[in-house]
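Structure below is my_file.cif: mmCIF, C-alpha atoms.
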```cif
data_coords
#
loop_
_atom_site.group_PDB
_atom_site.id
_atom_site.type_symbol
_atom_site.label_atom_id
_atom_site.label_comp_id
_atom_site.auth_asym_id
_atom_site.auth_seq_id
_atom_site.Cartn_x
_atom_site.Cartn_y
_atom_site.Cartn_z
ATOM 1 C CA MET A 658 -16.718 162.332 144.352
ATOM 2 C CA LYS A 659 -13.224 161.746 142.949
ATOM 3 C CA LYS A 660 -14.627 160.585 139.606
ATOM 4 C CA TYR A 661 -16.773 163.714 139.476
ATOM 5 C CA LEU A 662 -13.821 165.961 140.220
ATOM 6 C CA LEU A 663 -11.561 164.284 137.687
ATOM 7 C CA GLY A 664 -14.246 164.650 135.052
ATOM 8 C CA THR A 665 -14.698 168.273 135.989
ATOM 9 C CA ALA A 666 -10.961 168.900 135.780
ATOM 10 C CA MET A 667 -10.902 167.496 132.264
ATOM 11 C CA ALA A 668 -13.889 169.590 131.301
ATOM 12 C CA LEU A 669 -12.178 172.712 132.618
ATOM 13 C CA THR A 670 -9.245 172.269 130.236
ATOM 14 C CA LEU A 671 -9.680 174.899 127.574
ATOM 15 C CA PRO A 672 -7.598 174.101 124.453
ATOM 16 C CA GLY A 673 -8.046 177.596 123.053
ATOM 17 C CA ALA A 674 -5.914 179.064 125.806
ATOM 18 C CA ALA A 675 -2.865 177.290 124.399
ATOM 19 C CA LEU A 676 -2.855 179.729 121.475
ATOM 20 C CA ALA A 677 -1.232 182.306 123.731
ATOM 21 C CA ALA A 678 1.488 179.926 124.919
ATOM 22 C CA GLU A 679 4.150 181.366 122.633
ATOM 23 C CA GLU A 680 3.676 184.782 124.198
ATOM 24 C CA CYS A 681 3.923 183.474 127.763
ATOM 25 C CA GLY A 682 6.355 180.596 127.251
ATOM 26 C CA GLU A 683 7.528 178.167 129.920
ATOM 27 C CA ILE A 684 7.453 179.234 133.555
ATOM 28 C CA SER A 685 8.968 177.251 136.411
ATOM 29 C CA MET A 686 7.037 177.080 139.679
ATOM 30 C CA ALA A 687 8.213 175.589 142.976
ATOM 31 C CA GLU A 688 5.848 173.192 144.714
ATOM 32 C CA MET A 689 6.688 172.879 148.393
ATOM 33 C CA ASN A 690 6.094 169.512 150.027
ATOM 34 C CA TRP A 691 3.128 170.451 152.225
ATOM 35 C CA SER A 692 -0.558 170.329 151.394
ATOM 36 C CA SER A 693 -1.521 174.014 151.336
ATOM 37 C CA ALA A 694 1.374 174.810 148.973
ATOM 38 C CA LYS A 695 0.299 172.022 146.619
ATOM 39 C CA ILE A 696 -3.236 173.461 146.438
ATOM 40 C CA VAL A 697 -1.888 176.964 145.751
ATOM 41 C CA VAL A 698 0.319 175.567 142.975
ATOM 42 C CA ALA A 699 -2.512 173.562 141.410
ATOM 43 C CA THR A 700 -4.791 176.613 141.401
ATOM 44 C CA SER A 701 -2.095 178.951 140.060
ATOM 45 C CA LYS A 702 -1.006 176.460 137.399
ATOM 46 C CA PHE A 703 -4.533 176.073 136.086
ATOM 47 C CA LEU A 704 -5.172 179.820 135.878
ATOM 48 C CA LEU A 705 -1.807 180.554 134.251
ATOM 49 C CA GLU A 706 -2.165 177.783 131.696
ATOM 50 C CA GLN A 707 -5.852 178.135 130.855
ATOM 51 C CA GLY A 708 -6.189 181.875 131.355
ATOM 52 C CA TYR A 709 -2.798 183.166 130.234
ATOM 53 C CA GLY A 710 -1.591 180.406 127.921
ATOM 54 C CA CYS A 711 1.561 179.638 129.901
ATOM 55 C CA ASP A 712 3.392 176.327 130.015
ATOM 56 C CA ILE A 713 4.006 175.670 133.719
ATOM 57 C CA ALA A 714 6.842 173.381 134.810
ATOM 58 C CA VAL A 715 6.212 172.352 138.414
ATOM 59 C CA VAL A 716 9.406 171.769 140.401
ATOM 60 C CA PRO A 717 9.069 169.736 143.644
ATOM 61 C CA SER A 718 10.952 171.600 146.352
ATOM 62 C CA ASP A 719 11.198 172.734 149.963
ATOM 63 C CA THR A 720 12.194 176.006 151.601
ATOM 64 C CA THR A 721 15.972 175.560 151.713
ATOM 65 C CA PRO A 722 16.366 173.958 148.245
ATOM 66 C CA ALA A 723 14.148 176.635 146.693
ATOM 67 C CA VAL A 724 16.150 179.494 148.217
ATOM 68 C CA THR A 725 19.440 177.825 147.268
ATOM 69 C CA SER A 726 18.260 177.392 143.677
ATOM 70 C CA LEU A 727 17.170 181.025 143.509
ATOM 71 C CA ALA A 728 20.598 182.124 144.736
ATOM 72 C CA GLU A 729 22.599 179.830 142.441
ATOM 73 C CA ASN A 730 20.416 179.518 139.338
ATOM 74 C CA ASN A 731 17.892 182.391 139.495
ATOM 75 C CA GLU A 732 15.070 179.868 139.337
ATOM 76 C CA PRO A 733 12.337 178.767 139.808
ATOM 77 C CA ASP A 734 10.514 181.786 138.421
ATOM 78 C CA ILE A 735 7.739 181.574 141.018
ATOM 79 C CA VAL A 736 7.594 180.296 144.593
ATOM 80 C CA PRO A 737 3.871 180.560 145.413
ATOM 81 C CA GLU A 738 4.161 179.752 149.130
ATOM 82 C CA MET A 739 7.334 180.893 150.836
ATOM 83 C CA TRP A 740 7.725 181.139 154.621
ATOM 84 C CA PRO A 741 10.462 183.823 154.954
ATOM 85 C CA ASN A 742 10.787 183.177 158.702
ATOM 86 C CA SER A 743 12.194 179.743 157.849
ATOM 87 C CA ALA A 744 14.264 180.784 154.842
ATOM 88 C CA GLY A 745 17.401 182.107 156.563
ATOM 89 C CA ASP A 746 20.087 184.616 155.643
ATOM 90 C CA VAL A 747 20.321 183.644 151.967
ATOM 91 C CA TYR A 748 16.719 184.716 151.454
ATOM 92 C CA ASP A 749 17.393 188.037 153.172
ATOM 93 C CA LYS A 750 20.379 188.673 150.888
ATOM 94 C CA LEU A 751 18.321 187.865 147.773
ATOM 95 C CA LYS A 752 15.660 190.311 148.909
ATOM 96 C CA GLU A 753 18.128 193.041 149.848
ATOM 97 C CA GLY A 754 19.914 192.613 146.511
ATOM 98 C CA GLY A 755 16.681 192.959 144.548
ATOM 99 C CA GLU A 756 16.993 189.495 143.007
ATOM 100 C CA ILE A 757 13.539 188.466 144.188
ATOM 101 C CA VAL A 758 10.256 190.343 144.488
ATOM 102 C CA GLU A 759 7.695 189.693 147.223
ATOM 103 C CA LEU A 760 4.334 189.972 145.447
ATOM 104 C CA THR A 761 1.682 189.258 148.076
ATOM 105 C CA SER A 762 0.625 187.406 151.190
ATOM 106 C CA VAL A 763 -0.692 184.240 149.585
ATOM 107 C CA LEU A 764 -2.294 183.324 152.913
ATOM 108 C CA ASP A 765 -4.094 186.093 154.776
ATOM 109 C CA PRO A 766 -3.227 186.935 157.514
ATOM 110 C CA GLY A 767 -0.534 184.247 157.290
ATOM 111 C CA GLY A 768 0.539 181.297 159.395
ATOM 112 C CA ILE A 769 -1.300 181.292 162.710
ATOM 113 C CA GLU A 770 -0.002 179.669 165.886
ATOM 114 C CA GLY A 771 -1.630 179.560 169.268
ATOM 115 C CA TRP A 772 -3.066 177.651 172.200
ATOM 116 C CA TRP A 773 -6.548 176.423 171.422
ATOM 117 C CA ILE A 774 -9.672 175.026 173.054
ATOM 118 C CA PRO A 775 -12.867 173.695 171.408
ATOM 119 C CA SER A 776 -15.651 176.200 170.753
ATOM 120 C CA TYR A 777 -18.132 174.134 172.760
ATOM 121 C CA LEU A 778 -16.034 174.767 175.891
ATOM 122 C CA VAL A 779 -16.115 178.510 175.247
ATOM 123 C CA GLU A 780 -19.874 178.428 174.704
ATOM 124 C CA GLU A 781 -20.343 176.762 178.097
ATOM 125 C CA HIS A 782 -17.575 178.675 179.875
ATOM 126 C CA PRO A 783 -16.812 182.045 178.208
ATOM 127 C CA GLU A 784 -14.110 182.747 180.791
ATOM 128 C CA LEU A 785 -11.903 180.194 179.005
ATOM 129 C CA LYS A 786 -11.351 182.658 176.152
ATOM 130 C CA THR A 787 -8.346 184.036 178.040
ATOM 131 C CA ILE A 788 -5.320 182.356 179.561
ATOM 132 C CA ASP A 789 -6.249 183.852 182.943
ATOM 133 C CA GLY A 790 -9.624 182.101 182.723
ATOM 134 C CA VAL A 791 -7.945 178.815 181.816
ATOM 135 C CA LEU A 792 -5.458 179.073 184.685
ATOM 136 C CA ALA A 793 -8.285 179.799 187.130
ATOM 137 C CA ASN A 794 -10.299 176.771 185.936
ATOM 138 C CA PRO A 795 -7.865 173.931 185.147
ATOM 139 C CA GLU A 796 -10.544 171.259 185.577
ATOM 140 C CA LEU A 797 -12.589 172.772 182.718
ATOM 141 C CA VAL A 798 -9.783 172.065 180.223
ATOM 142 C CA GLY A 799 -9.127 168.591 181.580
ATOM 143 C CA GLY A 800 -6.123 169.634 183.665
ATOM 144 C CA MET A 801 -3.796 169.050 180.711
ATOM 145 C CA PHE A 802 -1.927 171.034 178.078
ATOM 146 C CA ASN A 803 -1.208 169.162 174.820
ATOM 147 C CA ASN A 804 2.299 170.257 173.878
ATOM 148 C CA CYS A 805 4.299 170.084 170.648
ATOM 149 C CA PRO A 806 6.469 167.056 169.888
ATOM 150 C CA ASP A 807 10.216 167.059 170.503
ATOM 151 C CA GLY A 808 12.211 168.631 167.705
ATOM 152 C CA TRP A 809 9.547 171.107 166.631
ATOM 153 C CA GLY A 810 10.258 174.823 166.940
ATOM 154 C CA CYS A 811 6.917 175.338 168.656
ATOM 155 C CA ARG A 812 8.010 172.948 171.420
ATOM 156 C CA ILE A 813 10.646 175.365 172.691
ATOM 157 C CA VAL A 814 8.269 178.337 172.613
ATOM 158 C CA SER A 815 5.433 176.424 174.272
ATOM 159 C CA ASP A 816 7.794 175.009 176.913
ATOM 160 C CA ASN A 817 8.828 178.561 177.793
ATOM 161 C CA LEU A 818 5.255 179.833 177.778
ATOM 162 C CA ALA A 819 4.229 176.927 180.014
ATOM 163 C CA ARG A 820 6.833 178.171 182.510
ATOM 164 C CA ALA A 821 5.877 181.814 182.013
ATOM 165 C CA PHE A 822 2.220 181.052 182.771
ATOM 166 C CA ASP A 823 3.167 178.443 185.427
ATOM 167 C CA LEU A 824 0.831 175.812 184.004
ATOM 168 C CA GLU A 825 2.076 173.121 186.390
ATOM 169 C CA GLY A 826 1.661 175.450 189.373
ATOM 170 C CA ASN A 827 -1.919 176.053 188.248
ATOM 171 C CA LYS A 828 -2.627 172.300 188.174
ATOM 172 C CA ILE A 829 -2.353 171.901 184.396
ATOM 173 C CA GLU A 830 -0.102 168.997 183.451
ATOM 174 C CA VAL A 831 2.052 169.499 180.342
ATOM 175 C CA PHE A 832 1.774 166.435 178.121
ATOM 176 C CA ASN A 833 4.521 166.263 175.496
ATOM 177 C CA HIS A 834 3.295 164.467 172.389
ATOM 178 C CA GLY A 835 5.618 162.102 170.593
ATOM 179 C CA SER A 836 4.506 163.099 167.096
ATOM 180 C CA GLY A 837 2.320 165.477 165.128
ATOM 181 C CA GLU A 838 -0.050 162.592 164.473
ATOM 182 C CA THR A 839 -0.759 161.973 168.168
ATOM 183 C CA LEU A 840 -1.212 165.711 168.765
ATOM 184 C CA ALA A 841 -3.798 165.899 165.967
ATOM 185 C CA THR A 842 -5.465 162.674 167.097
ATOM 186 C CA SER A 843 -5.844 163.968 170.646
ATOM 187 C CA MET A 844 -7.729 167.014 169.354
ATOM 188 C CA ALA A 845 -9.928 164.927 167.055
ATOM 189 C CA SER A 846 -10.771 162.382 169.754
ATOM 190 C CA ALA A 847 -11.676 165.058 172.300
ATOM 191 C CA TYR A 848 -13.716 167.097 169.844
ATOM 192 C CA GLU A 849 -15.730 164.176 168.539
ATOM 193 C CA SER A 850 -16.516 163.136 172.123
ATOM 194 C CA LYS A 851 -17.169 166.743 173.208
ATOM 195 C CA GLU A 852 -14.533 166.428 175.925
ATOM 196 C CA PRO A 853 -12.098 169.084 177.197
ATOM 197 C CA TRP A 854 -8.955 169.771 175.163
ATOM 198 C CA PHE A 855 -6.303 172.458 175.557
ATOM 199 C CA GLY A 856 -3.123 172.654 173.529
ATOM 200 C CA TYR A 857 -0.913 174.067 170.808
ATOM 201 C CA TYR A 858 -1.847 174.033 167.124
ATOM 202 C CA TRP A 859 -1.349 176.074 163.977
ATOM 203 C CA ALA A 860 -3.110 177.031 160.731
ATOM 204 C CA PRO A 861 -3.624 176.398 157.931
ATOM 205 C CA THR A 862 -4.086 172.739 158.854
ATOM 206 C CA THR A 863 -6.651 169.990 158.348
ATOM 207 C CA PRO A 864 -7.677 169.750 162.040
ATOM 208 C CA LEU A 865 -8.419 173.467 162.290
ATOM 209 C CA GLY A 866 -10.469 173.152 159.121
ATOM 210 C CA LYS A 867 -12.443 170.233 160.544
ATOM 211 C CA TYR A 868 -12.969 171.383 164.110
ATOM 212 C CA ASP A 869 -14.294 174.679 165.412
ATOM 213 C CA MET A 870 -11.518 175.739 167.762
ATOM 214 C CA VAL A 871 -10.967 179.018 169.612
ATOM 215 C CA SER A 872 -7.538 180.569 170.067
ATOM 216 C CA VAL A 873 -6.988 181.381 173.740
ATOM 217 C CA ASP A 874 -6.051 185.030 174.301
ATOM 218 C CA LEU A 875 -2.489 184.894 175.650
ATOM 219 C CA GLY A 876 -2.248 188.667 175.966
ATOM 220 C CA GLU A 877 -0.308 191.127 173.831
ATOM 221 C CA LEU A 878 2.517 190.164 171.503
ATOM 222 C CA ASP A 879 5.818 191.021 173.156
ATOM 223 C CA GLU A 880 8.353 190.677 170.348
ATOM 224 C CA GLU A 881 11.344 190.725 172.699
ATOM 225 C CA ALA A 882 9.787 188.068 174.933
ATOM 226 C CA HIS A 883 8.794 185.919 171.940
ATOM 227 C CA ALA A 884 12.331 186.094 170.552
ATOM 228 C CA ALA A 885 13.719 185.034 173.933
ATOM 229 C CA ASN A 886 11.138 182.239 174.185
ATOM 230 C CA GLN A 887 12.643 180.627 171.082
ATOM 231 C CA ASN A 888 15.763 179.859 173.108
ATOM 232 C CA ALA A 889 15.502 176.663 175.161
ATOM 233 C CA ASN A 890 17.914 178.116 177.729
ATOM 234 C CA THR A 891 15.976 181.298 178.447
ATOM 235 C CA PRO A 892 16.207 181.633 182.248
ATOM 236 C CA ASN A 893 13.077 183.699 182.913
ATOM 237 C CA PRO A 894 10.562 183.341 180.070
ATOM 238 C CA ARG A 895 7.839 185.970 179.846
ATOM 239 C CA PRO A 896 4.272 185.744 178.516
ATOM 240 C CA SER A 897 3.617 186.696 174.913
ATOM 241 C CA ALA A 898 1.118 185.924 172.181
ATOM 242 C CA PHE A 899 2.391 184.186 169.046
ATOM 243 C CA PRO A 900 3.068 186.477 166.078
ATOM 244 C CA THR A 901 1.485 185.764 162.706
ATOM 245 C CA ALA A 902 4.024 184.313 160.274
ATOM 246 C CA PRO A 903 4.104 185.940 156.819
ATOM 247 C CA ILE A 904 3.496 183.480 153.969
ATOM 248 C CA LEU A 905 4.360 185.072 150.663
ATOM 249 C CA THR A 906 4.370 184.547 146.914
ATOM 250 C CA ILE A 907 7.763 185.523 145.534
ATOM 251 C CA VAL A 908 9.129 185.718 141.994
ATOM 252 C CA THR A 909 12.507 186.456 140.484
ATOM 253 C CA LYS A 910 13.266 190.006 139.375
ATOM 254 C CA ASP A 911 13.663 188.760 135.801
ATOM 255 C CA PHE A 912 10.251 187.093 135.802
ATOM 256 C CA ASN A 913 8.596 190.151 137.294
ATOM 257 C CA GLU A 914 10.002 192.348 134.529
ATOM 258 C CA ALA A 915 9.421 189.928 131.632
ATOM 259 C CA HIS A 916 5.908 188.777 132.640
ATOM 260 C CA PRO A 917 4.037 191.752 134.108
ATOM 261 C CA GLU A 918 0.540 190.304 133.458
ATOM 262 C CA GLU A 919 1.385 186.922 134.956
ATOM 263 C CA ALA A 920 3.136 188.605 137.895
ATOM 264 C CA GLN A 921 0.007 190.678 138.470
ATOM 265 C CA LEU A 922 -2.086 187.517 138.566
ATOM 266 C CA MET A 923 0.242 185.945 141.129
ATOM 267 C CA SER A 924 0.071 189.123 143.222
ATOM 268 C CA ASN A 925 -3.734 188.785 143.231
ATOM 269 C CA ILE A 926 -3.886 185.127 144.269
ATOM 270 C CA THR A 927 -4.507 185.015 148.005
ATOM 271 C CA PHE A 928 -6.494 182.724 150.285
ATOM 272 C CA LYS A 929 -7.808 183.433 153.757
ATOM 273 C CA THR A 930 -5.976 181.170 156.191
ATOM 274 C CA ASP A 931 -9.326 179.828 157.419
ATOM 275 C CA THR A 932 -10.371 179.118 153.812
ATOM 276 C CA MET A 933 -7.202 177.108 153.236
ATOM 277 C CA SER A 934 -7.798 175.108 156.434
ATOM 278 C CA THR A 935 -11.316 174.345 155.192
ATOM 279 C CA LEU A 936 -9.927 173.222 151.814
ATOM 280 C CA LEU A 937 -7.420 170.963 153.563
ATOM 281 C CA ALA A 938 -10.228 169.429 155.621
ATOM 282 C CA TRP A 939 -12.307 168.860 152.473
ATOM 283 C CA GLN A 940 -9.310 167.260 150.765
ATOM 284 C CA ASP A 941 -8.777 164.916 153.710
ATOM 285 C CA GLU A 942 -12.435 163.955 154.034
ATOM 286 C CA ASN A 943 -12.670 163.159 150.307
ATOM 287 C CA ASN A 944 -9.239 161.540 149.972
ATOM 288 C CA ALA A 945 -8.652 164.039 147.170
ATOM 289 C CA THR A 946 -5.500 165.200 145.423
ATOM 290 C CA ALA A 947 -4.291 168.799 145.453
ATOM 291 C CA GLU A 948 -5.547 169.146 141.867
ATOM 292 C CA GLU A 949 -9.008 167.966 142.907
ATOM 293 C CA ALA A 950 -9.013 170.375 145.835
ATOM 294 C CA ALA A 951 -8.097 173.184 143.432
ATOM 295 C CA VAL A 952 -10.983 172.199 141.140
ATOM 296 C CA TYR A 953 -13.327 172.177 144.126
ATOM 297 C CA TYR A 954 -12.170 175.677 145.050
ATOM 298 C CA LEU A 955 -12.499 176.959 141.471
ATOM 299 C CA LYS A 956 -15.999 175.523 141.069
ATOM 300 C CA ASN A 957 -17.263 177.037 144.318
ATOM 301 C CA ASN A 958 -15.534 180.436 144.447
ATOM 302 C CA LYS A 959 -15.931 181.923 140.971
ATOM 303 C CA ASP A 960 -16.604 185.464 142.161
ATOM 304 C CA GLU A 961 -13.425 185.425 144.213
ATOM 305 C CA TRP A 962 -10.900 184.139 141.697
ATOM 306 C CA SER A 963 -12.431 185.817 138.638
ATOM 307 C CA ALA A 964 -11.370 189.139 140.177
ATOM 308 C CA TRP A 965 -7.751 187.950 140.048
ATOM 309 C CA LEU A 966 -7.724 187.781 136.229
ATOM 310 C CA ASN A 967 -7.064 190.346 133.517
ATOM 311 C CA ASP A 968 -9.670 190.836 130.783
ATOM 312 C CA ASP A 969 -8.080 188.428 128.288
ATOM 313 C CA ALA A 970 -7.754 185.656 130.861
ATOM 314 C CA ARG A 971 -11.325 186.253 132.003
ATOM 315 C CA ALA A 972 -12.456 185.805 128.378
ATOM 316 C CA ASN A 973 -10.414 182.581 128.048
ATOM 317 C CA LEU A 974 -12.055 181.240 131.185
ATOM 318 C CA SER A 975 -15.535 182.597 130.400
ATOM 319 C CA LYS A 976 -17.048 179.103 130.055
ATOM 320 C CA LEU A 977 -16.013 178.419 133.618
ATOM 321 C CA LEU A 978 -17.569 181.624 134.901
ATOM 322 C CA LYS A 979 -21.081 180.967 133.593
#
```
Could you render the structure as structure tokens?
Amino acid sequence: MKKYLLGTAMALTLPGAALAAEECGEISMAEMNWSSAKIVVATSKFLLEQGYGCDIAVVPSDTTPAVTSLAENNEPDIVPEMWPNSAGDVYDKLKEGGEIVELTSVLDPGGIEGWWIPSYLVEEHPELKTIDGVLANPELVGGMFNNCPDGWGCRIVSDNLARAFDLEGNKIEVFNHGSGETLATSMASAYESKEPWFGYYWAPTTPLGKYDMVSVDLGELDEEAHAANQNANTPNPRPSAFPTAPILTIVTKDFNEAHPEEAQLMSNITFKTDTMSTLLAWQDENNATAEEAAVYYLKNNKDEWSAWLNDDARANLSKLLK
């Protein structure tokens, strides 16, 4: 499979697109150090280079270094996957000052958090779709809640929700995992054995791309309660659903003004969160690189990404669209 994908990637390189490079020039693009961001970068890089004739310089980064660089150096030009909720006050000042432009939600509807159970449990016991149904039937979920590891932000929120829903009082033990790996492994082991599992997880991720899981309905989102639940010392936590986290493509003001066609492309590039989870699962199962996952996406979703392009780019990539 990897040999096939590498061969395909080479075949997809279209030398003719380089003729437009002088018009586009060099563009810097931040590549965050998590898998979904790497796939977004690989896909965007290919389309910008082969469709628009750009020369893309990929800059390895993370949220804080990227925001700091934008504030101090007005670069990189593009950050394809920014989580503003984690970016802090500097990001807010850049946005308020008009130094950056938020183009689109690169993941739709965004980052998803929740408490999950396997679909096969819901099929057998539909009442487990809601937290009330889970609390009334602790034995059906194995009498255990698989919690976030220490040090994770979700640990504080889930700890507070566990108190708000009185999991222990409803005979559901809270098991605190020591790492993200053991949390993921517990889901995989239960799913493959068709055993009960109940716990926290988020998307896009490889496990939620591999396993058909159902998000338990925790009730309405109470923004005030959720904000309070992020404080470990909250005395009386209240129930609330998790909000969806925005995940955006941002560019500098200068790039947006100097490269309107390329900025339009980046504003069009968006993946369903479920689609990205599926891509991450495919990447894991095939031991593939982000570039190979991007090629897999491009080969199998032509109708989707062709609509992102302008007419000239569509002509440059016409061999791919046949």
Result set of the PyMOL selection byres ((chain A and resi 898-910) around 9) on the coordinates above, as a PyMOL selection string:
chain A and resi 727+731-742+755-771+874-880+883+896-897+911-915+920+923-924+926-927
Hits from the PyMOL selection byres ((chain A and resi 919) around 10), listed as a PDB file with C-alpha atoms, in the coordinates of the input:
```
ATOM      1  CA  CYS A 681       3.923 183.474 127.763  1.00  0.00           C
ATOM      2  CA  ILE A 684       7.453 179.234 133.555  1.00  0.00           C
ATOM      3  CA  LEU A 704      -5.172 179.820 135.878  1.00  0.00           C
ATOM      4  CA  LEU A 705      -1.807 180.554 134.251  1.00  0.00           C
ATOM      5  CA  GLY A 708      -6.189 181.875 131.355  1.00  0.00           C
ATOM      6  CA  TYR A 709      -2.798 183.166 130.234  1.00  0.00           C
ATOM      7  CA  CYS A 711       1.561 179.638 129.901  1.00  0.00           C
ATOM      8  CA  PHE A 912      10.251 187.093 135.802  1.00  0.00           C
ATOM      9  CA  ASN A 913       8.596 190.151 137.294  1.00  0.00           C
ATOM     10  CA  ALA A 915       9.421 189.928 131.632  1.00  0.00           C
ATOM     11  CA  HIS A 916       5.908 188.777 132.640  1.00  0.00           C
ATOM     12  CA  PRO A 917       4.037 191.752 134.108  1.00  0.00           C
ATOM     13  CA  GLU A 918       0.540 190.304 133.458  1.00  0.00           C
ATOM     14  CA  ALA A 920       3.136 188.605 137.895  1.00  0.00           C
ATOM     15  CA  GLN A 921       0.007 190.678 138.470  1.00  0.00           C
ATOM     16  CA  LEU A 922      -2.086 187.517 138.566  1.00  0.00           C
ATOM     17  CA  MET A 923       0.242 185.945 141.129  1.00  0.00           C
ATOM     18  CA  SER A 924       0.071 189.123 143.222  1.00  0.00           C
ATOM     19  CA  ASN A 925      -3.734 188.785 143.231  1.00  0.00           C
ATOM     20  CA  LEU A 966      -7.724 187.781 136.229  1.00  0.00           C
ATOM     21  CA  ASN A 967      -7.064 190.346 133.517  1.00  0.00           C
TER      22      ASN A 967
END
```
Using CA of Ala845 (chain A) and CA of Thr863 (chain A) as the two end points, give the distance in Å to one decimal.
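It comes out at 10.6 Å.
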| request: Record the distance separating CA of Pro717 (chain A) and CA of Asn690 (chain A), expressed in Å with one decimal. | output: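 According to the coordinates, CA of Pro717 (chain A) and CA of Asn690 (chain A) are separated by 7.0 Å.
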Contact residues around Thr725 (chain A) with all atoms listed in the file at 9 Å, ignoring same-chain residues under 4 positions, as a list in words: Thr720, Thr721, Glu729, Asn730, Val747 and Tyr748 of chain A
I need the residue set behind the PyMOL selection byres ((chain A and resi 694) around 10) for this file; please write it as a ChimeraX atom specification.
/A:687-693,695-700,736-739,763,933,947
If you count all atoms listed in the file, the residue of A:Asn886, A:Ser872, A:Thr891, A:Ser963 closest to Leu785 (chain A) turns out to be A:Ser872
Among A:Val871, A:Leu792, A:Leu824, A:Ile774, Phe855 (chain A) is approached most closely, using all atoms listed in the file, by A:Ile774
**OP:** Write out as a list in words each polymer residue whose atoms come within 12 Å of Glu796 (chain A), counting only C-alpha atoms; drop sequence neighbours fewer than 5 positions from it.
**Re:** Leu778, His782, Leu785, Gly790, Val791, Met801, Phe802, Asn827, Lys828, Ile829, Glu830, Glu852, Pro853, Trp854 and Phe855 of chain A
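Relative to CA of Gly866 (chain A), CA of Trp962 (chain A) is found at 20.6 Å.
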Residue with the minimum atom-to-atom distance to Tyr868 (chain A), picked from A:Glu949, A:Asp931, A:Glu838, A:Asp719 with only C-alpha atoms counted, is A:Asp931
_Give me, as a list in words, all polymer residues having an atom no more than 12 Å from Asn958 (chain A), counting only C-alpha atoms and skipping those fewer than 6 positions away in the same chain._
Thr700, Phe928, Thr932, Leu936, Ala951, Val952, Ala964, Trp965, Leu977 and Leu978 of chain A
Expected axis-aligned box over every listed atom of region 769-774 of chain A, 6 Å added per side, centre plus edges in Å to one decimal, as AutoDock Vina command-line options:
```
--center_x -4.8 --center_y 178.2 --center_z 167.9 --size_x 21.7 --size_y 18.3 --size_z 22.3
```
Among the residues A:Asp807, A:Asp746, A:Asp869, A:Glu683, the one that comes closest to Val715 (chain A) [using all atoms listed in the file]
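Between A:Asp807, A:Asp746, A:Asp869, A:Glu683, the residue approaching Val715 (chain A) most closely is A:Glu683.
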Counting all atoms listed in the file, closest pick from A:Asp816, A:Glu706, A:Glu753, A:Glu849 relative to Asn833 (chain A) is A:Asp816
